[in-house]
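Down below is the structure, laid out as structure tokens.
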Amino acid sequence: MATHPGGLTTLAPAVEVRDLVRSYDGRAVLDQLDLTIAPGEFVALLGKSGSGKSTLLRALAGLDHDVTGTGELAVPANVSVVFQDSRLLPWARVLDNVVLGLSGDAAEKGRQSLAEVGLAGREKAWPNELSGGEQQRVALARSLVREPELLLADEPFGALDALTRLKMHVLLRKLCEAHQPAVLLVTHDVDESIVLADRVIVLDEGRIVAEERIELAAPRSPADPGFAAIRARLLDALGVSL
Ligand SMILES: Nc1ncnc2c1ncn2[C@@H]1O[C@H](COP(=O)(O)OP(=O)(O)OP(=O)(O)O)[C@@H](O)[C@H]1O
């Protein structure tokens with residue numbers, strides 16, 4: 001907790017990145033990057049292929065042992081990660097996948113999480129009995145049952161069809177409102193970023209080149225002129241001219 005001179009109390013940031021450099025074979029793919037994410041803030045990260053999005057996410061997740069780098073990086077102790085593929089263990093039933101490694105009343109918490117993602121009654125199913133969307137729901141339940149302060153998501157809906165993706169947007173918003181993790185969502189889908197995030201940032205060659213704070217009222221609709229204006233600016237930052 002920090003107190004400003006004016007007397008306002010602010011929480012310490014959930015993520016604080018300063019001067020972050022990450023290089024593969026001497027080539028910097030993150031270039032003196034600065035990023036702060038507030039507790040409970042939902043940040044979406046856009047960028048062309050190869051701009052460094054996954055490298056940043058892996059750095060925040062502590063999964064980047066194959067890369068050299070410098071800079072300061074502070075994240076909470078309790079971080080969950082969701083990927084494009086659900087990465088469920090095929091030999092473990094759905095509930096066991098959700099609670100793996102948890103202690104205490106894990107089964108009950110796992111059941112509650114599965115109910116939250118709309119999978120009550122599927123506890124005993126095997127992962128291969130579920131659709132791709134359902135498997136991603138299990139992955140979300142597995143992340144959120146751990147009550148993370150930071151949720152990192154690398155294109156979690158990238159492999160899903162358009163309709164399932166829209167349903168997952170509604171679900172993720174609901175889950176984030178209930179659990180209030182800070183979120184960093186990597187996506188290629190500009191509309192997805194505007195629908196979900198409090199703030200959208202655009203990465204290019206390892207630097208943040210644009211930032212939009214999204215203050216549109218819910219439900220956010222791509223038909224809204226304000227939505228279209230933000231989309232146009234983000235596409236411009238991505239080098240797409242309409
Ligand atoms: N293990 C690695 N070894 C060498 N270079 C790598 C490695 N991983 C990533 N890179 C390079 O680092 C750069 C950034 O990659 P990164 O995966 O972070 O981009 P990205 O924005 O997530 O791309 P995409 O949208 O295609 O997933 C790319 O040029 C990539 O080729």
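Each chain in the structure tokens gets a letter, A, B, ..., in the order shown, and its residues are numbered from 1; ligands are numbered from 1 in order too.
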Residues of chain A at most 9 Å from ligand 1: nearest atom pair and distance in Å, only C-alpha atoms and all ligand atoms, as CSV:
residue,atom,partner,partner_atom_place_in_ligand_line,distance
A:Arg22,CA,ligand 1,12 (O),8.8
A:Ser23,CA,ligand 1,12 (O),7.7
A:Tyr24,CA,ligand 1,4 (C),5.0
A:Asp25,CA,ligand 1,4 (C),6.8
A:Arg27,CA,ligand 1,12 (O),8.2
A:Ala28,CA,ligand 1,12 (O),8.0
A:Val29,CA,ligand 1,13 (C),5.2
A:Leu30,CA,ligand 1,14 (C),7.9
A:Leu46,CA,ligand 1,21 (O),8.1
A:Gly47,CA,ligand 1,21 (O),5.9
A:Lys48,CA,ligand 1,25 (O),5.8
A:Ser49,CA,ligand 1,25 (O),3.5
A:Gly50,CA,ligand 1,19 (O),3.4
A:Ser51,CA,ligand 1,21 (O),3.9
A:Gly52,CA,ligand 1,18 (O),3.2
A:Lys53,CA,ligand 1,21 (O),3.9
A:Ser54,CA,ligand 1,22 (O),3.6
A:Thr55,CA,ligand 1,18 (O),3.7
A:Leu56,CA,ligand 1,18 (O),6.5
A:Leu57,CA,ligand 1,18 (O),8.0
A:Arg58,CA,ligand 1,18 (O),8.3
A:Asp64,CA,ligand 1,1 (N),8.8
A:Asp66,CA,ligand 1,1 (N),6.4
A:Val67,CA,ligand 1,1 (N),7.2
A:Asp154,CA,ligand 1,22 (O),8.3
A:Glu155,CA,ligand 1,27 (O),8.5
A:Val186,CA,ligand 1,22 (O),7.9
A:Thr187,CA,ligand 1,25 (O),7.9
A:His188,CA,ligand 1,25 (O),7.0
A:Leu203,CA,ligand 1,21 (O),7.7
A:Asp204,CA,ligand 1,21 (O),8.2
A:Glu205,CA,ligand 1,14 (C),8.0
A:Gly206,CA,ligand 1,14 (C),7.7
Residue neighbourhood A:Gly133, 7 Å, only C-alpha atoms, exclusion window fewer than 3 positions, as a PyMOL selection string
chain A and resi 136-137+160+164
For those residues, write N, CA and C atoms to a file as a PDB file, in the first residue's frame.
ATOM      1  N   GLN A 136     -11.193 -25.468 -22.760  1.00  0.00           N
ATOM      2  CA  GLN A 136     -10.685 -24.160 -22.331  1.00  0.00           C
ATOM      3  C   GLN A 136     -11.403 -23.676 -21.068  1.00  0.00           C
ATOM      4  N   ARG A 137     -12.677 -24.051 -20.926  1.00  0.00           N
ATOM      5  CA  ARG A 137     -13.388 -23.722 -19.683  1.00  0.00           C
ATOM      6  C   ARG A 137     -12.717 -24.413 -18.490  1.00  0.00           C
ATOM      7  N   LEU A 160     -10.642 -21.406 -31.127  1.00  0.00           N
ATOM      8  CA  LEU A 160     -12.080 -21.689 -31.026  1.00  0.00           C
ATOM      9  C   LEU A 160     -12.852 -21.026 -32.175  1.00  0.00           C
ATOM     10  N   THR A 164     -18.237 -19.784 -30.249  1.00  0.00           N
ATOM     11  CA  THR A 164     -17.701 -20.229 -28.952  1.00  0.00           C
ATOM     12  C   THR A 164     -16.844 -19.121 -28.338  1.00  0.00           C
TER      13      THR A 164
END
List the spatial neighbours of A:Ser193 as a count of residues only - criterion: any atom at most 10 Å away, only C-alpha atoms, same-chain residues fewer than 6 positions off excluded.
15
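Shell of A:Leu100 at 10 Å, with only C-alpha atoms counted and residues fewer than 6 places along the chain excluded, is Leu89, Ala92, Ala106, Ala107, Gly110 and Arg142 of chain A.
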Go ahead and save the picked residues with N, CA and C atoms, as a compact mmCIF listing (two decimals), in the first residue's frame.
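What landed in out04.txt:
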# COMPACT_ATOMS: atom_id res chain seq x y z
N LEU A 89 -4.23 -32.72 -18.58
CA LEU A 89 -3.60 -34.04 -18.54
C LEU A 89 -4.63 -35.06 -19.05
N ALA A 92 -6.11 -37.73 -16.62
CA ALA A 92 -6.77 -37.33 -15.38
C ALA A 92 -8.18 -36.80 -15.70
N ALA A 106 -9.90 -29.30 -1.60
CA ALA A 106 -9.67 -29.06 -3.03
C ALA A 106 -10.85 -29.51 -3.88
N ALA A 107 -11.41 -30.68 -3.58
CA ALA A 107 -12.47 -31.21 -4.44
C ALA A 107 -13.67 -30.27 -4.45
N GLY A 110 -12.84 -27.23 -6.42
CA GLY A 110 -12.79 -27.59 -7.84
C GLY A 110 -14.19 -27.70 -8.42
N ARG A 142 -9.21 -24.32 -13.74
CA ARG A 142 -7.95 -24.73 -13.11
C ARG A 142 -7.13 -23.50 -12.70
Secondary structure check, helix (DSSP H, G or I) residues of stretch 94-219 of chain A, as a compact mmCIF listing (two decimals) with C-alpha atoms, in the first residue's frame:
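Printed below is selection_16.txt as written:
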# COMPACT_ATOMS: atom_id res chain seq x y z
CA VAL A 94 -11.76 -33.09 -15.36
CA LEU A 95 -12.02 -32.45 -11.61
CA ASP A 96 -8.56 -33.94 -11.01
CA ASN A 97 -7.13 -31.66 -13.70
CA VAL A 98 -8.65 -28.64 -11.94
CA VAL A 99 -7.43 -29.45 -8.45
CA ALA A 106 -9.67 -29.06 -3.03
CA ALA A 107 -12.47 -31.21 -4.44
CA GLU A 108 -15.17 -28.86 -3.20
CA LYS A 109 -13.34 -25.80 -4.54
CA GLY A 110 -12.79 -27.59 -7.84
CA ARG A 111 -16.49 -28.44 -8.12
CA GLN A 112 -17.39 -24.80 -7.45
CA SER A 113 -14.95 -23.61 -10.12
CA LEU A 114 -16.33 -26.06 -12.66
CA ALA A 115 -19.85 -24.83 -11.87
CA GLU A 116 -18.66 -21.25 -12.39
CA PRO A 127 -10.60 -34.31 -21.26
CA ASN A 128 -11.00 -35.99 -24.67
CA GLU A 129 -14.75 -36.25 -24.04
CA GLY A 132 -12.35 -27.52 -27.46
CA GLY A 133 -14.40 -24.76 -25.82
CA GLU A 134 -15.20 -26.96 -22.84
CA GLN A 135 -11.53 -27.86 -22.46
CA GLN A 136 -10.69 -24.16 -22.33
CA ARG A 137 -13.39 -23.72 -19.68
CA VAL A 138 -11.62 -26.40 -17.62
CA ALA A 139 -8.32 -24.56 -18.14
CA LEU A 140 -9.95 -21.38 -16.83
CA ALA A 141 -11.39 -23.23 -13.84
CA ARG A 142 -7.95 -24.73 -13.11
CA SER A 143 -6.44 -21.23 -13.17
CA LEU A 144 -9.09 -19.45 -11.15
CA ALA A 162 -16.35 -17.49 -33.63
CA LEU A 163 -19.52 -18.32 -31.70
CA THR A 164 -17.70 -20.23 -28.95
CA ARG A 165 -15.25 -17.36 -28.72
CA LEU A 166 -18.08 -14.86 -28.09
CA LYS A 167 -19.44 -17.11 -25.34
CA MET A 168 -15.97 -17.32 -23.81
CA HIS A 169 -15.74 -13.51 -23.78
CA VAL A 170 -18.92 -13.29 -21.70
CA LEU A 171 -17.59 -16.02 -19.38
CA LEU A 172 -14.17 -14.44 -18.93
CA ARG A 173 -15.68 -11.03 -18.13
CA LYS A 174 -17.94 -12.66 -15.52
CA LEU A 175 -15.06 -14.61 -13.99
CA CYS A 176 -12.84 -11.53 -13.84
CA GLU A 177 -15.58 -9.47 -12.19
CA ALA A 178 -16.02 -12.21 -9.58
CA HIS A 179 -12.33 -12.91 -8.89
CA VAL A 190 -8.73 -6.38 -32.02
CA ASP A 191 -12.46 -6.58 -31.25
CA GLU A 192 -11.78 -9.14 -28.51
CA SER A 193 -9.31 -6.75 -26.93
CA ILE A 194 -11.81 -3.86 -26.94
CA VAL A 195 -14.69 -6.00 -25.65
CA LEU A 196 -12.70 -7.39 -22.72
What does the structure give for the distance between atom CA of A:Gly158 and atom CA of A:Ser86, in Å to one decimal?
11.3 Å
Determine which residues of stretch 6-195 of chain A receive a DSSP assignment of strand (DSSP E), computed from the backbone, and state them as a ChimeraX atom specification.
/A:9-10,15-24,27-37,42-47,68-74,79-82,150-154,182-186
Could you write out the selected residues, including N, CA and C atoms, as a tab-separated table (two decimals), in the first residue's frame?
chain	number	residue	atom	x	y	z
A	9	THR	N	-5.18	6.55	-0.98
A	9	THR	CA	-4.44	5.31	-0.80
A	9	THR	C	-4.53	4.49	-2.09
A	10	THR	N	-3.40	4.05	-2.57
A	10	THR	CA	-3.41	3.22	-3.77
A	10	THR	C	-2.74	1.89	-3.45
A	15	VAL	N	1.65	-5.75	-11.51
A	15	VAL	CA	2.80	-6.00	-12.38
A	15	VAL	C	3.58	-4.71	-12.54
A	16	GLU	N	4.87	-4.81	-12.42
A	16	GLU	CA	5.74	-3.64	-12.60
A	16	GLU	C	6.96	-4.11	-13.40
A	17	VAL	N	7.04	-3.62	-14.62
A	17	VAL	CA	8.15	-4.00	-15.50
A	17	VAL	C	8.90	-2.73	-15.87
A	18	ARG	N	10.20	-2.74	-15.68
A	18	ARG	CA	11.01	-1.56	-16.01
A	18	ARG	C	12.20	-1.97	-16.85
A	19	ASP	N	12.33	-1.29	-18.01
A	19	ASP	CA	13.55	-1.46	-18.82
A	19	ASP	C	13.80	-2.91	-19.20
A	20	LEU	N	12.74	-3.64	-19.46
A	20	LEU	CA	12.90	-5.08	-19.71
A	20	LEU	C	13.47	-5.32	-21.11
A	21	VAL	N	14.56	-6.04	-21.14
A	21	VAL	CA	15.19	-6.43	-22.41
A	21	VAL	C	15.25	-7.96	-22.43
A	22	ARG	N	14.83	-8.56	-23.55
A	22	ARG	CA	14.96	-10.00	-23.74
A	22	ARG	C	15.51	-10.24	-25.14
A	23	SER	N	16.56	-11.03	-25.22
A	23	SER	CA	17.23	-11.24	-26.51
A	23	SER	C	17.39	-12.72	-26.82
A	24	TYR	N	17.17	-13.06	-28.08
A	24	TYR	CA	17.51	-14.40	-28.58
A	24	TYR	C	18.72	-14.24	-29.47
A	27	ARG	N	19.76	-10.81	-30.39
A	27	ARG	CA	18.76	-9.93	-31.02
A	27	ARG	C	17.66	-9.61	-30.00
A	28	ALA	N	17.48	-8.31	-29.69
A	28	ALA	CA	16.50	-7.92	-28.67
A	28	ALA	C	15.09	-8.03	-29.22
A	29	VAL	N	14.25	-8.86	-28.58
A	29	VAL	CA	12.85	-8.95	-29.00
A	29	VAL	C	11.94	-8.20	-28.02
A	30	LEU	N	12.46	-7.88	-26.83
A	30	LEU	CA	11.81	-6.90	-25.94
A	30	LEU	C	12.87	-5.84	-25.70
A	31	ASP	N	12.48	-4.59	-25.92
A	31	ASP	CA	13.47	-3.53	-26.02
A	31	ASP	C	13.18	-2.43	-24.98
A	32	GLN	N	13.76	-2.55	-23.82
A	32	GLN	CA	13.61	-1.56	-22.74
A	32	GLN	C	12.12	-1.28	-22.47
A	33	LEU	N	11.39	-2.34	-22.29
A	33	LEU	CA	9.94	-2.24	-22.13
A	33	LEU	C	9.56	-1.85	-20.70
A	34	ASP	N	8.62	-0.91	-20.59
A	34	ASP	CA	8.04	-0.53	-19.29
A	34	ASP	C	6.56	-0.89	-19.32
A	35	LEU	N	6.07	-1.48	-18.24
A	35	LEU	CA	4.64	-1.80	-18.17
A	35	LEU	C	4.21	-1.91	-16.72
A	36	THR	N	3.11	-1.25	-16.40
A	36	THR	CA	2.53	-1.37	-15.05
A	36	THR	C	1.09	-1.84	-15.20
A	37	ILE	N	0.70	-2.82	-14.42
A	37	ILE	CA	-0.70	-3.27	-14.41
A	37	ILE	C	-1.20	-3.17	-12.97
A	42	PHE	N	-7.53	-5.22	-16.32
A	42	PHE	CA	-7.50	-6.16	-17.44
A	42	PHE	C	-6.82	-5.46	-18.61
A	43	VAL	N	-5.64	-5.95	-18.95
A	43	VAL	CA	-4.86	-5.36	-20.05
A	43	VAL	C	-4.79	-6.37	-21.19
A	44	ALA	N	-5.12	-5.92	-22.39
A	44	ALA	CA	-4.97	-6.77	-23.58
A	44	ALA	C	-3.75	-6.31	-24.35
A	45	LEU	N	-3.05	-7.27	-24.91
A	45	LEU	CA	-1.79	-7.01	-25.61
A	45	LEU	C	-1.92	-7.45	-27.06
A	46	LEU	N	-1.88	-6.46	-27.97
A	46	LEU	CA	-1.94	-6.74	-29.40
A	46	LEU	C	-0.55	-6.54	-30.00
A	47	GLY	N	-0.33	-7.09	-31.16
A	47	GLY	CA	0.94	-6.86	-31.86
A	47	GLY	C	1.06	-7.83	-33.00
A	68	THR	N	18.08	-14.47	-22.85
A	68	THR	CA	18.89	-13.62	-21.98
A	68	THR	C	18.22	-12.27	-21.83
A	69	GLY	N	18.55	-11.55	-20.75
A	69	GLY	CA	17.91	-10.26	-20.60
A	69	GLY	C	18.30	-9.51	-19.37
A	70	THR	N	17.85	-8.26	-19.34
A	70	THR	CA	18.07	-7.38	-18.20
A	70	THR	C	16.76	-6.67	-17.88
A	71	GLY	N	16.78	-5.91	-16.80
A	71	GLY	CA	15.60	-5.12	-16.43
A	71	GLY	C	14.99	-5.60	-15.14
A	72	GLU	N	13.96	-4.85	-14.71
A	72	GLU	CA	13.28	-5.18	-13.45
A	72	GLU	C	11.89	-5.69	-13.75
A	73	LEU	N	11.50	-6.68	-12.95
A	73	LEU	CA	10.22	-7.32	-13.22
A	73	LEU	C	9.64	-7.76	-11.87
A	74	ALA	N	8.49	-7.21	-11.51
A	74	ALA	CA	7.85	-7.62	-10.26
A	74	ALA	C	6.44	-8.11	-10.56
A	79	VAL	N	0.50	-16.52	-9.63
A	79	VAL	CA	0.25	-16.24	-11.05
A	79	VAL	C	-0.30	-17.51	-11.72
A	80	SER	N	-1.35	-17.35	-12.51
A	80	SER	CA	-1.86	-18.48	-13.31
A	80	SER	C	-1.70	-18.17	-14.78
A	81	VAL	N	-1.49	-19.21	-15.58
A	81	VAL	CA	-1.30	-19.02	-17.02
A	81	VAL	C	-2.28	-19.91	-17.79
A	82	VAL	N	-2.90	-19.33	-18.82
A	82	VAL	CA	-3.76	-20.10	-19.73
A	82	VAL	C	-3.20	-19.93	-21.14
A	150	LEU	N	-2.64	-12.57	-10.56
A	150	LEU	CA	-2.34	-12.24	-11.95
A	150	LEU	C	-2.68	-13.43	-12.83
A	151	LEU	N	-3.51	-13.17	-13.84
A	151	LEU	CA	-3.85	-14.20	-14.82
A	151	LEU	C	-3.20	-13.81	-16.15
A	152	LEU	N	-2.35	-14.70	-16.65
A	152	LEU	CA	-1.69	-14.48	-17.94
A	152	LEU	C	-2.36	-15.40	-18.95
A	153	ALA	N	-2.79	-14.84	-20.08
A	153	ALA	CA	-3.52	-15.65	-21.05
A	153	ALA	C	-2.94	-15.39	-22.43
A	154	ASP	N	-2.42	-16.46	-23.07
A	154	ASP	CA	-1.78	-16.32	-24.38
A	154	ASP	C	-2.71	-16.88	-25.44
A	182	ALA	N	-5.59	-9.29	-11.73
A	182	ALA	CA	-5.02	-8.51	-12.83
A	182	ALA	C	-4.86	-9.48	-13.99
A	183	VAL	N	-5.09	-8.98	-15.22
A	183	VAL	CA	-5.04	-9.88	-16.38
A	183	VAL	C	-4.15	-9.27	-17.45
A	184	LEU	N	-3.32	-10.11	-18.06
A	184	LEU	CA	-2.65	-9.74	-19.31
A	184	LEU	C	-3.06	-10.78	-20.34
A	185	LEU	N	-3.84	-10.32	-21.33
A	185	LEU	CA	-4.37	-11.20	-22.37
A	185	LEU	C	-3.68	-10.90	-23.70
A	186	VAL	N	-2.95	-11.86	-24.23
A	186	VAL	CA	-2.37	-11.73	-25.57
A	186	VAL	C	-3.42	-12.18	-26.57
Two-atom distance - atom CA of A:Arg220, atom CA of A:Gly40 (Å):
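Atom-to-atom, atom CA of A:Arg220 and atom CA of A:Gly40 are spaced 19.1 Å apart.
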